[in-house]
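S.K.: For reference, the file structure_32.tsv (TSV, C-alpha atoms) is included below:
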```tsv
chain	number	residue	atom	x	y	z
A	926	MET	CA	72.13	-9.90	14.56
A	927	PRO	CA	74.76	-12.28	13.11
A	928	TRP	CA	72.56	-13.61	10.33
A	929	ASP	CA	75.55	-15.11	8.53
A	930	ILE	CA	76.26	-17.39	11.50
A	931	ILE	CA	72.59	-18.32	11.92
A	932	PHE	CA	72.09	-19.18	8.26
A	933	GLY	CA	75.53	-20.78	8.00
A	934	VAL	CA	74.75	-23.25	10.78
A	935	SER	CA	71.28	-23.86	9.35
A	936	LEU	CA	72.51	-24.48	5.81
A	937	GLU	CA	75.24	-26.85	7.03
A	938	SER	CA	72.53	-28.90	8.76
A	939	LEU	CA	71.03	-29.65	5.33
A	940	PHE	CA	73.88	-32.02	4.47
A	941	ASN	CA	76.04	-32.56	7.57
A	942	ALA	CA	76.82	-35.89	9.27
A	943	SER	CA	73.90	-35.78	11.72
A	944	MET	CA	71.41	-35.21	8.92
A	945	ILE	CA	72.97	-38.06	6.92
A	946	ALA	CA	72.89	-40.47	9.87
A	947	TYR	CA	69.22	-39.74	10.56
A	948	ALA	CA	68.37	-39.98	6.86
A	949	LEU	CA	69.98	-43.43	6.59
A	950	ALA	CA	68.22	-44.57	9.76
A	951	ALA	CA	64.91	-43.24	8.42
A	952	ILE	CA	65.43	-44.96	5.05
A	953	GLY	CA	65.63	-48.26	6.92
A	954	LEU	CA	62.61	-47.38	9.06
A	955	ASN	CA	60.69	-46.44	5.92
A	956	VAL	CA	61.20	-49.99	4.65
A	957	HIS	CA	59.76	-51.29	7.93
A	958	PHE	CA	56.96	-48.83	8.60
A	959	GLY	CA	56.25	-47.14	5.29
A	960	TYR	CA	56.37	-50.11	2.93
A	961	THR	CA	55.73	-53.17	5.14
A	962	GLY	CA	53.65	-51.73	7.98
A	963	LEU	CA	55.98	-53.05	10.70
A	964	LEU	CA	55.84	-51.00	13.91
A	965	ASN	CA	59.52	-51.03	14.79
A	966	PHE	CA	60.17	-48.73	17.76
A	967	GLY	CA	63.74	-49.93	18.23
A	968	GLN	CA	65.50	-48.69	15.10
A	969	SER	CA	68.07	-46.98	17.31
A	970	ALA	CA	69.20	-50.44	18.43
A	971	PHE	CA	70.30	-51.28	14.87
A	972	LEU	CA	72.43	-48.13	14.75
A	973	GLY	CA	73.87	-48.87	18.19
A	974	VAL	CA	74.76	-52.46	17.31
A	975	ALA	CA	76.51	-51.32	14.12
A	976	ALA	CA	78.38	-48.47	15.79
A	977	TYR	CA	79.51	-50.56	18.75
A	978	GLY	CA	80.29	-53.52	16.50
A	979	LEU	CA	82.77	-51.30	14.65
A	980	ALA	CA	84.13	-49.57	17.76
A	981	MET	CA	84.58	-52.72	19.85
A	982	THR	CA	86.16	-54.68	17.00
A	983	VAL	CA	88.81	-52.01	16.42
A	984	SER	CA	89.26	-50.34	19.81
A	985	THR	CA	88.69	-53.27	22.19
A	986	PHE	CA	89.98	-56.23	20.19
A	987	GLY	CA	92.48	-54.47	17.92
A	988	LEU	CA	91.15	-55.92	14.67
A	989	PRO	CA	91.16	-54.08	11.30
A	990	PHE	CA	88.61	-51.39	10.48
A	991	TRP	CA	86.94	-53.31	7.65
A	992	ILE	CA	86.37	-56.33	9.88
A	993	GLY	CA	84.64	-53.93	12.26
A	994	ILE	CA	82.31	-52.81	9.44
A	995	GLY	CA	81.48	-56.46	8.72
A	996	VAL	CA	80.85	-57.18	12.40
A	997	GLY	CA	78.52	-54.18	12.65
A	998	LEU	CA	76.48	-55.26	9.61
A	999	ALA	CA	76.35	-58.85	10.83
A	1000	GLY	CA	75.18	-57.60	14.22
A	1001	ALA	CA	72.28	-55.77	12.55
A	1002	VAL	CA	71.23	-58.96	10.75
A	1003	VAL	CA	71.41	-61.02	13.94
A	1004	LEU	CA	69.41	-58.40	15.85
A	1005	ALA	CA	66.69	-58.46	13.17
A	1006	LEU	CA	66.48	-62.24	13.46
A	1007	LEU	CA	66.31	-62.13	17.26
A	1008	LEU	CA	63.56	-59.52	17.18
A	1009	GLY	CA	61.61	-61.02	14.29
A	1010	ILE	CA	61.51	-64.74	15.05
A	1011	PRO	CA	59.35	-64.49	18.21
A	1012	THR	CA	57.14	-61.58	17.11
A	1013	LEU	CA	56.44	-61.52	13.38
A	1014	ARG	CA	53.81	-64.28	13.63
A	1015	LEU	CA	51.89	-62.14	16.13
A	1016	ARG	CA	50.02	-58.83	15.90
A	1017	ALA	CA	51.89	-55.65	14.98
A	1018	ASP	CA	51.83	-54.27	18.52
A	1019	TYR	CA	53.93	-57.18	19.80
A	1020	LEU	CA	56.78	-56.15	17.51
A	1021	ALA	CA	56.45	-52.58	18.78
A	1022	ILE	CA	56.69	-53.72	22.41
A	1023	VAL	CA	59.64	-56.04	21.79
A	1024	THR	CA	61.64	-53.57	19.72
A	1025	ILE	CA	61.31	-50.65	22.13
A	1026	ALA	CA	62.30	-52.95	25.01
A	1027	ALA	CA	65.21	-54.41	23.05
A	1028	SER	CA	66.61	-50.97	22.20
A	1029	GLU	CA	66.67	-50.04	25.89
A	1030	ILE	CA	68.19	-53.38	26.90
A	1031	ILE	CA	70.99	-52.95	24.36
A	1032	ARG	CA	71.65	-49.35	25.46
A	1033	LEU	CA	71.83	-50.40	29.12
A	1034	LEU	CA	74.17	-53.27	28.24
A	1035	TYR	CA	76.54	-50.77	26.64
A	1036	ARG	CA	76.35	-48.65	29.80
A	1037	SER	CA	76.90	-51.63	32.09
A	1038	VAL	CA	79.83	-51.40	34.50
A	1039	THR	CA	80.27	-55.17	34.22
A	1040	LEU	CA	80.91	-54.91	30.48
A	1041	SER	CA	82.85	-51.64	30.62
A	1042	ASP	CA	86.15	-53.35	29.77
A	1043	TRP	CA	84.66	-54.10	26.33
A	1044	THR	CA	82.12	-51.33	25.80
A	1045	GLY	CA	83.68	-48.46	27.77
A	1046	GLY	CA	80.58	-48.17	29.96
A	1047	SER	CA	78.86	-44.78	30.06
A	1048	ASP	CA	82.01	-43.13	28.65
A	1049	GLY	CA	81.83	-45.13	25.42
A	1050	LEU	CA	84.75	-45.92	23.11
A	1051	GLN	CA	87.20	-43.97	20.96
A	1052	SER	CA	90.31	-44.69	18.86
A	1053	PHE	CA	88.62	-46.74	16.14
A	1054	SER	CA	88.40	-44.28	13.23
A	1055	ASP	CA	92.09	-43.73	12.39
A	1056	ASP	CA	92.08	-46.15	9.44
A	1057	PHE	CA	88.97	-44.48	8.03
A	1058	PHE	CA	90.43	-40.98	8.14
A	1059	ALA	CA	93.74	-42.28	6.76
A	1060	LEU	CA	91.84	-42.78	3.48
A	1061	ASN	CA	90.73	-39.13	3.45
A	1062	PRO	CA	91.54	-37.59	0.04
A	1063	TYR	CA	90.79	-34.05	1.27
A	1064	SER	CA	93.76	-32.11	2.60
A	1065	SER	CA	92.23	-28.68	3.14
A	1066	PRO	CA	88.91	-27.28	4.40
A	1067	LEU	CA	86.10	-26.17	2.11
A	1068	GLU	CA	84.65	-22.68	2.43
A	1069	VAL	CA	81.69	-21.69	0.28
A	1070	GLY	CA	80.23	-18.36	1.32
A	1071	ILE	CA	79.02	-18.67	4.91
A	1072	ILE	CA	79.54	-22.45	5.00
A	1073	SER	CA	82.84	-23.87	6.26
A	1074	LEU	CA	83.75	-27.56	6.51
A	1075	ASP	CA	87.06	-29.04	7.59
A	1076	ALA	CA	88.71	-31.96	5.79
A	1077	ARG	CA	87.45	-34.60	8.22
A	1078	GLU	CA	83.85	-33.38	7.92
A	1079	LEU	CA	84.11	-33.38	4.13
A	1080	TRP	CA	85.26	-37.00	4.10
A	1081	VAL	CA	82.46	-38.20	6.39
A	1082	ILE	CA	79.86	-36.21	4.41
A	1083	THR	CA	81.15	-37.60	1.10
A	1084	ILE	CA	80.93	-41.20	2.29
A	1085	GLY	CA	77.57	-40.50	3.92
A	1086	TRP	CA	75.98	-39.16	0.75
A	1087	ILE	CA	77.37	-42.10	-1.24
A	1088	LEU	CA	75.68	-44.45	1.27
A	1089	ILE	CA	72.43	-42.48	0.95
A	1090	ALA	CA	72.55	-42.79	-2.84
A	1091	ILE	CA	73.20	-46.54	-2.65
A	1092	SER	CA	70.45	-47.04	-0.06
A	1093	LEU	CA	67.90	-45.09	-2.10
A	1094	LEU	CA	68.80	-47.09	-5.21
A	1095	ILE	CA	68.34	-50.36	-3.30
A	1096	VAL	CA	64.95	-49.27	-1.98
A	1097	PHE	CA	63.87	-47.95	-5.40
A	1098	LEU	CA	64.73	-51.22	-7.16
A	1099	ALA	CA	63.44	-53.45	-4.37
A	1100	MET	CA	60.03	-51.79	-4.12
A	1101	ARG	CA	59.48	-51.97	-7.88
A	1102	SER	CA	60.32	-55.65	-8.01
A	1103	PRO	CA	57.88	-58.53	-7.42
A	1104	TRP	CA	59.31	-58.75	-3.88
A	1105	GLY	CA	58.42	-55.13	-3.24
A	1106	ARG	CA	54.89	-55.60	-4.50
A	1107	VAL	CA	54.41	-58.46	-2.03
A	1108	ILE	CA	55.83	-56.32	0.78
A	1109	LYS	CA	53.37	-53.49	0.05
A	1110	ALA	CA	50.51	-55.98	-0.24
A	1111	ILE	CA	51.38	-57.30	3.23
A	1112	ARG	CA	51.05	-53.77	4.56
A	1113	GLU	CA	47.56	-53.52	3.06
A	1114	ASP	CA	46.19	-56.98	3.92
A	1115	GLU	CA	48.50	-59.78	4.98
A	1116	ASP	CA	45.64	-62.31	5.16
A	1117	ALA	CA	44.99	-61.81	1.46
A	1118	VAL	CA	48.68	-62.27	0.71
A	1119	ARG	CA	48.75	-65.43	2.81
A	1120	SER	CA	45.74	-66.78	0.92
A	1121	LEU	CA	47.74	-66.48	-2.30
A	1122	GLY	CA	50.35	-68.89	-0.94
A	1123	LYS	CA	53.01	-66.36	0.08
A	1124	ASN	CA	55.03	-66.90	3.25
A	1125	VAL	CA	54.16	-63.65	5.02
A	1126	VAL	CA	56.49	-64.22	7.98
A	1127	SER	CA	59.44	-64.82	5.66
A	1128	TYR	CA	58.76	-61.61	3.73
A	1129	LYS	CA	58.38	-59.64	6.94
A	1130	MET	CA	61.68	-61.02	8.19
A	1131	GLN	CA	63.42	-60.07	4.95
A	1132	SER	CA	62.01	-56.55	5.27
A	1133	LEU	CA	63.12	-56.31	8.90
A	1134	ILE	CA	66.65	-57.38	7.94
A	1135	LEU	CA	66.86	-55.04	4.94
A	1136	GLY	CA	65.60	-52.02	6.88
A	1137	GLY	CA	67.83	-52.85	9.83
A	1138	VAL	CA	70.96	-53.11	7.69
A	1139	LEU	CA	70.19	-49.89	5.80
A	1140	GLY	CA	69.49	-48.11	9.08
A	1141	SER	CA	72.68	-49.46	10.65
A	1142	LEU	CA	74.70	-47.49	8.09
A	1143	GLY	CA	73.60	-44.40	9.99
A	1144	GLY	CA	75.27	-45.84	13.08
A	1145	PHE	CA	78.59	-46.00	11.24
A	1146	ILE	CA	78.25	-42.37	10.11
A	1147	LEU	CA	77.41	-41.18	13.63
A	1148	ALA	CA	80.34	-43.06	15.11
A	1149	LEU	CA	82.85	-41.92	12.50
A	1150	SER	CA	81.72	-38.29	12.49
A	1151	LYS	CA	82.33	-38.04	16.24
A	1152	ALA	CA	85.25	-40.52	16.28
A	1153	ALA	CA	83.54	-41.92	19.37
A	1154	VAL	CA	80.50	-43.93	20.46
A	1155	GLN	CA	78.47	-43.36	23.60
A	1156	PRO	CA	75.45	-45.47	24.61
A	1157	ASP	CA	73.02	-42.64	25.37
A	1158	THR	CA	73.29	-41.49	21.76
A	1159	PHE	CA	71.08	-44.46	20.86
A	1160	GLY	CA	68.17	-43.84	23.21
A	1161	THR	CA	64.52	-44.38	22.34
A	1162	GLU	CA	64.05	-40.69	21.46
A	1163	PHE	CA	66.34	-41.36	18.49
A	1164	THR	CA	63.73	-43.72	17.03
A	1165	PHE	CA	60.92	-41.21	17.59
A	1166	TYR	CA	62.91	-38.58	15.70
A	1167	MET	CA	63.20	-41.09	12.86
A	1168	TYR	CA	59.43	-41.61	12.79
A	1169	THR	CA	59.02	-37.84	12.70
A	1170	ILE	CA	61.38	-37.65	9.73
A	1171	VAL	CA	59.66	-40.49	7.86
A	1172	ILE	CA	56.20	-38.98	8.32
A	1173	LEU	CA	57.44	-35.47	7.59
A	1174	GLY	CA	58.96	-36.47	4.26
A	1175	GLY	CA	56.20	-38.92	3.39
A	1176	ALA	CA	55.96	-42.60	4.30
A	1177	ALA	CA	56.47	-45.12	1.48
A	1178	ARG	CA	58.27	-42.53	-0.65
A	1179	VAL	CA	61.82	-43.28	-1.75
A	1180	PHE	CA	63.15	-39.77	-1.18
A	1181	GLY	CA	60.84	-39.02	1.75
A	1182	PRO	CA	63.32	-39.86	4.54
A	1183	VAL	CA	66.07	-37.71	3.03
A	1184	VAL	CA	63.81	-34.71	2.47
A	1185	GLY	CA	62.27	-35.17	5.92
A	1186	SER	CA	65.69	-35.32	7.58
A	1187	MET	CA	66.87	-32.18	5.79
A	1188	ILE	CA	63.76	-30.22	6.78
A	1189	PHE	CA	63.86	-31.50	10.38
A	1190	TRP	CA	67.50	-30.59	10.95
A	1191	PHE	CA	67.26	-27.26	9.13
A	1192	LEU	CA	64.31	-26.13	11.27
A	1193	LEU	CA	65.95	-27.37	14.46
A	1194	ALA	CA	69.29	-25.72	13.67
A	1195	PHE	CA	67.67	-22.45	12.59
A	1196	ILE	CA	65.51	-22.15	15.70
A	1197	ASN	CA	68.34	-23.20	18.05
A	1198	SER	CA	70.62	-20.59	16.44
A	1199	LEU	CA	68.03	-17.83	16.25
A	1200	LEU	CA	66.52	-17.90	19.74
A	1201	PRO	CA	69.80	-17.34	21.72
A	1202	GLU	CA	70.68	-14.43	19.43
A	1203	LEU	CA	67.24	-12.85	19.91
A	1204	ILE	CA	67.72	-13.05	23.68
A	1205	LYS	CA	71.31	-11.80	23.54
A	1206	HIS	CA	70.43	-8.75	21.43
A	1207	GLY	CA	67.40	-7.83	23.51
A	1208	TYR	CA	64.69	-8.74	21.00
A	1209	MET	CA	63.29	-11.22	23.53
A	1210	PRO	CA	63.20	-10.33	27.26
A	1211	GLU	CA	65.04	-12.66	29.63
A	1212	TRP	CA	62.03	-12.85	31.93
A	1213	LEU	CA	60.25	-14.62	29.10
A	1214	MET	CA	63.09	-16.97	28.20
A	1215	LYS	CA	66.71	-17.43	29.26
A	1216	THR	CA	69.47	-18.47	26.86
A	1217	SER	CA	69.73	-21.86	28.58
A	1218	GLN	CA	66.05	-22.47	27.80
A	1219	ALA	CA	66.34	-21.74	24.09
A	1220	GLY	CA	67.36	-25.29	23.13
A	1221	PRO	CA	64.42	-27.09	24.80
A	1222	PHE	CA	62.02	-24.42	23.52
A	1223	GLY	CA	63.32	-25.04	20.00
A	1224	TYR	CA	62.23	-28.67	20.28
A	1225	ILE	CA	58.83	-27.49	21.51
A	1226	LEU	CA	58.36	-25.26	18.47
A	1227	VAL	CA	59.46	-27.98	16.05
A	1228	GLY	CA	57.20	-30.46	17.84
A	1229	LEU	CA	54.26	-28.08	17.62
A	1230	GLY	CA	54.85	-27.65	13.90
A	1231	LEU	CA	54.93	-31.41	13.41
A	1232	ILE	CA	51.71	-31.85	15.40
A	1233	LEU	CA	50.02	-29.35	13.10
A	1234	LEU	CA	51.45	-31.23	10.11
A	1235	LEU	CA	49.97	-34.50	11.37
A	1236	ILE	CA	46.61	-32.82	11.90
A	1237	PHE	CA	46.35	-31.10	8.54
A	1238	ARG	CA	48.57	-33.31	6.35
A	1239	PRO	CA	49.26	-36.65	8.06
A	1240	GLN	CA	50.75	-38.14	4.90
A	1241	GLY	CA	53.67	-35.70	5.07
A	1242	ILE	CA	54.92	-33.40	2.36
A	1243	PHE	CA	55.24	-35.93	-0.47
A	1244	GLY	CA	53.32	-38.87	0.96
A	1245	ASP	CA	50.00	-40.50	0.17
A	1246	LYS	CA	47.50	-40.63	3.05
A	1247	LYS	CA	46.46	-44.14	2.07
A	1248	GLU	CA	49.99	-45.39	2.71
A	1249	VAL	CA	50.39	-44.05	6.26
A	1250	MET	CA	49.63	-46.82	8.75
A	1251	LEU	CA	48.74	-44.53	11.66
A	1252	ASP	CA	45.68	-46.54	12.58
A	1253	GLY	CA	47.87	-49.50	13.68
A	1254	ARG	CA	45.63	-51.84	11.73
```
With the file now loaded, output its structure as structure tokens.
M.R.:
Amino acid sequence: MPWDIIFGVSLESLFNASMIAYALAAIGLNVHFGYTGLLNFGQSAFLGVAAYGLAMTVSTFGLPFWIGIGVGLAGAVVLALLLGIPTLRLRADYLAIVTIAASEIIRLLYRSVTLSDWTGGSDGLQSFSDDFFALNPYSSPLEVGIISLDARELWVITIGWILIAISLLIVFLAMRSPWGRVIKAIREDEDAVRSLGKNVVSYKMQSLILGGVLGSLGGFILALSKAAVQPDTFGTEFTFYMYTIVILGGAARVFGPVVGSMIFWFLLAFINSLLPELIKHGYMPEWLMKTSQAGPFGYILVGLGLILLLIFRPQGIFGDKKEVMLDGR
């Protein structure tokens, strides 16, 4: 059994670009769901808008990379406004319905043949990350034991962890400010907050914008790590993985999304690396499982573990059960 390969892949998943992108997305979702009680099922749309805002600005229209970053962030703000204005005065389930529909509408627009001259259709876009990698200070790969990272991966990971640190600091300071206390009070009882003269809709909108912008940073990391964007990357299952990560790490906990993302990707990478090797070396008979079935079965095992977690510890590893809005109140 090549344990060095299995553990190498698993350990890399603790800090690689995918883990970072999901952590950033979950940090934003934690602002929505964990702290404010907003049922946003379209967080993937914020990542898609940011990623395509960058890619289309550079690849389609030939504008500079940093303008693309600004367009992506502005797109996340506009999306939050479009989603929030018609729904935030209504019950929480209306926001859930609108956001999950909006995420699919945006994904299908990116896939549209009519818009393929701008979005690349189902093939997506490339050739937008050259200016980013031109800033890369790393000239050689990094090898530490069984872990090996090339220079491009190192650069993306470095920027990604800097963005995580900044995002966590923003959330930490925001939630300990008077604004944050109002946000958490809205989650508990928005009628009581409204009776104290606070504009609940305005605070909800600010939370939706903040979480959307923080989450959109994950879209940049995904796009830059692959040097390409493709619409199906931002499907609805992306958002459900984010909810899994938030609950796993602990809702309404500053570090919860990062810890949850690390655990989620480590377990997934370990199982997806281990199962094919068990089959290949005869430890698991092929009549029971074929190598091609190992990947889907890995998701089943991780899903089963998360179901058990929700049954026996619904607040997650570091969370507080009182702060998990699973009753959709």
S.K.: My list of candidates is A:Gly1220, A:Pro1210, A:Pro1011, A:Gly1241. Which is closest to Arg1178 of chain A when distances are computed with only C-alpha atoms?
M.R.: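 Ranking A:Gly1220, A:Pro1210, A:Pro1011, A:Gly1241 by distance to Arg1178 of chain A, first place goes to A:Gly1241.
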S.K.: Between A:Leu1067, A:Val934, A:Leu1050, A:Val1126, which is the closest to Ala1017 of chain A once you count all atoms listed in the file?
M.R.: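 Once distances to Ala1017 of chain A are computed over all atoms listed in the file, the minimum belongs to A:Val1126.
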S.K.: Could you check the closest approach to Ala976 of chain A for each of A:Ile1031, A:Ala1148, A:Ile1071, A:Val956 and tell me which residue wins, using all atoms listed in the file?
M.R.: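 Of all the options, A:Ala1148 lies closest to Ala976 of chain A.
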S.K.: Between atom CA of Ser1150 of chain A and atom CA of Leu1040 of chain A, what is the distance in Å, rounded to a tenth?
M.R.: 24.5 Å
S.K.: What does the distance from atom CA of Gly997 of chain A to atom CA of Thr1012 of chain A come to in Å, to one decimal?
M.R.: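 Those two atoms sit 23.1 Å apart.
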S.K.: Of the candidates A:Leu1034, A:Ala980, A:Leu1007, A:Ile1089, which one gets nearest to Ala1152 of chain A if we count all atoms listed in the file?
M.R.: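 Answer, going by the shortest atom-to-atom distance: A:Ala980.
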S.K.: Measuring between only C-alpha atoms, which one of A:Gly1223, A:Pro1156, A:Gly962, A:Gly1143 shows the shortest distance to Leu1088 of chain A?
M.R.: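 Among the listed residues, A:Gly1143 lies closest to Leu1088 of chain A.
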S.K.: Find, counting only C-alpha atoms, the residue in A:Asp1114, A:Tyr960, A:Tyr1224, A:Ala1176 that gets nearest to Arg1101 of chain A.
M.R.: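 That would be A:Tyr960, the residue with the smallest distance to Arg1101 of chain A.
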S.K.: I want to know what sits within 10 Å of Leu1193 of chain A, based on all atoms listed in the file, with residues of the same chain fewer than 3 positions away left out; could you give that as number ranges by chain?
M.R.: A: 935, 938, 1187-1190, 1196-1199, 1220, 1223-1224, 1226-1228
S.K.: Hey, can you check how far atom CA of Thr985 of chain A sits from atom CA of Gln1155 of chain A?
M.R.: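 For atom CA of Thr985 of chain A relative to atom CA of Gln1155 of chain A, the distance reads 14.3 Å.
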S.K.: Counting all atoms listed in the file, which residues have an atom no more than 10 Å from (71.6, -46.8, 15.3) in the file's coordinates? Please list them as an mmCIF file with C-alpha atoms, in the coordinates of the input.
M.R.:
```
data_model
loop_
_atom_site.group_PDB
_atom_site.id
_atom_site.type_symbol
_atom_site.label_atom_id
_atom_site.label_comp_id
_atom_site.auth_asym_id
_atom_site.auth_seq_id
_atom_site.Cartn_x
_atom_site.Cartn_y
_atom_site.Cartn_z
ATOM 1 C CA ALA A 946 72.890 -40.470 9.870
ATOM 2 C CA TYR A 947 69.220 -39.740 10.560
ATOM 3 C CA LEU A 949 69.980 -43.430 6.590
ATOM 4 C CA ALA A 950 68.220 -44.570 9.760
ATOM 5 C CA GLY A 967 63.740 -49.930 18.230
ATOM 6 C CA GLN A 968 65.500 -48.690 15.100
ATOM 7 C CA SER A 969 68.070 -46.980 17.310
ATOM 8 C CA ALA A 970 69.200 -50.440 18.430
ATOM 9 C CA PHE A 971 70.300 -51.280 14.870
ATOM 10 C CA LEU A 972 72.430 -48.130 14.750
ATOM 11 C CA GLY A 973 73.870 -48.870 18.190
ATOM 12 C CA VAL A 974 74.760 -52.460 17.310
ATOM 13 C CA ALA A 975 76.510 -51.320 14.120
ATOM 14 C CA ALA A 976 78.380 -48.470 15.790
ATOM 15 C CA TYR A 977 79.510 -50.560 18.750
ATOM 16 C CA ALA A 1001 72.280 -55.770 12.550
ATOM 17 C CA SER A 1028 66.610 -50.970 22.200
ATOM 18 C CA GLY A 1137 67.830 -52.850 9.830
ATOM 19 C CA VAL A 1138 70.960 -53.110 7.690
ATOM 20 C CA GLY A 1140 69.490 -48.110 9.080
ATOM 21 C CA SER A 1141 72.680 -49.460 10.650
ATOM 22 C CA LEU A 1142 74.700 -47.490 8.090
ATOM 23 C CA GLY A 1143 73.600 -44.400 9.990
ATOM 24 C CA GLY A 1144 75.270 -45.840 13.080
ATOM 25 C CA PHE A 1145 78.590 -46.000 11.240
ATOM 26 C CA ILE A 1146 78.250 -42.370 10.110
ATOM 27 C CA LEU A 1147 77.410 -41.180 13.630
ATOM 28 C CA ALA A 1148 80.340 -43.060 15.110
ATOM 29 C CA THR A 1158 73.290 -41.490 21.760
ATOM 30 C CA PHE A 1159 71.080 -44.460 20.860
ATOM 31 C CA GLY A 1160 68.170 -43.840 23.210
ATOM 32 C CA PHE A 1163 66.340 -41.360 18.490
ATOM 33 C CA THR A 1164 63.730 -43.720 17.030
#
```
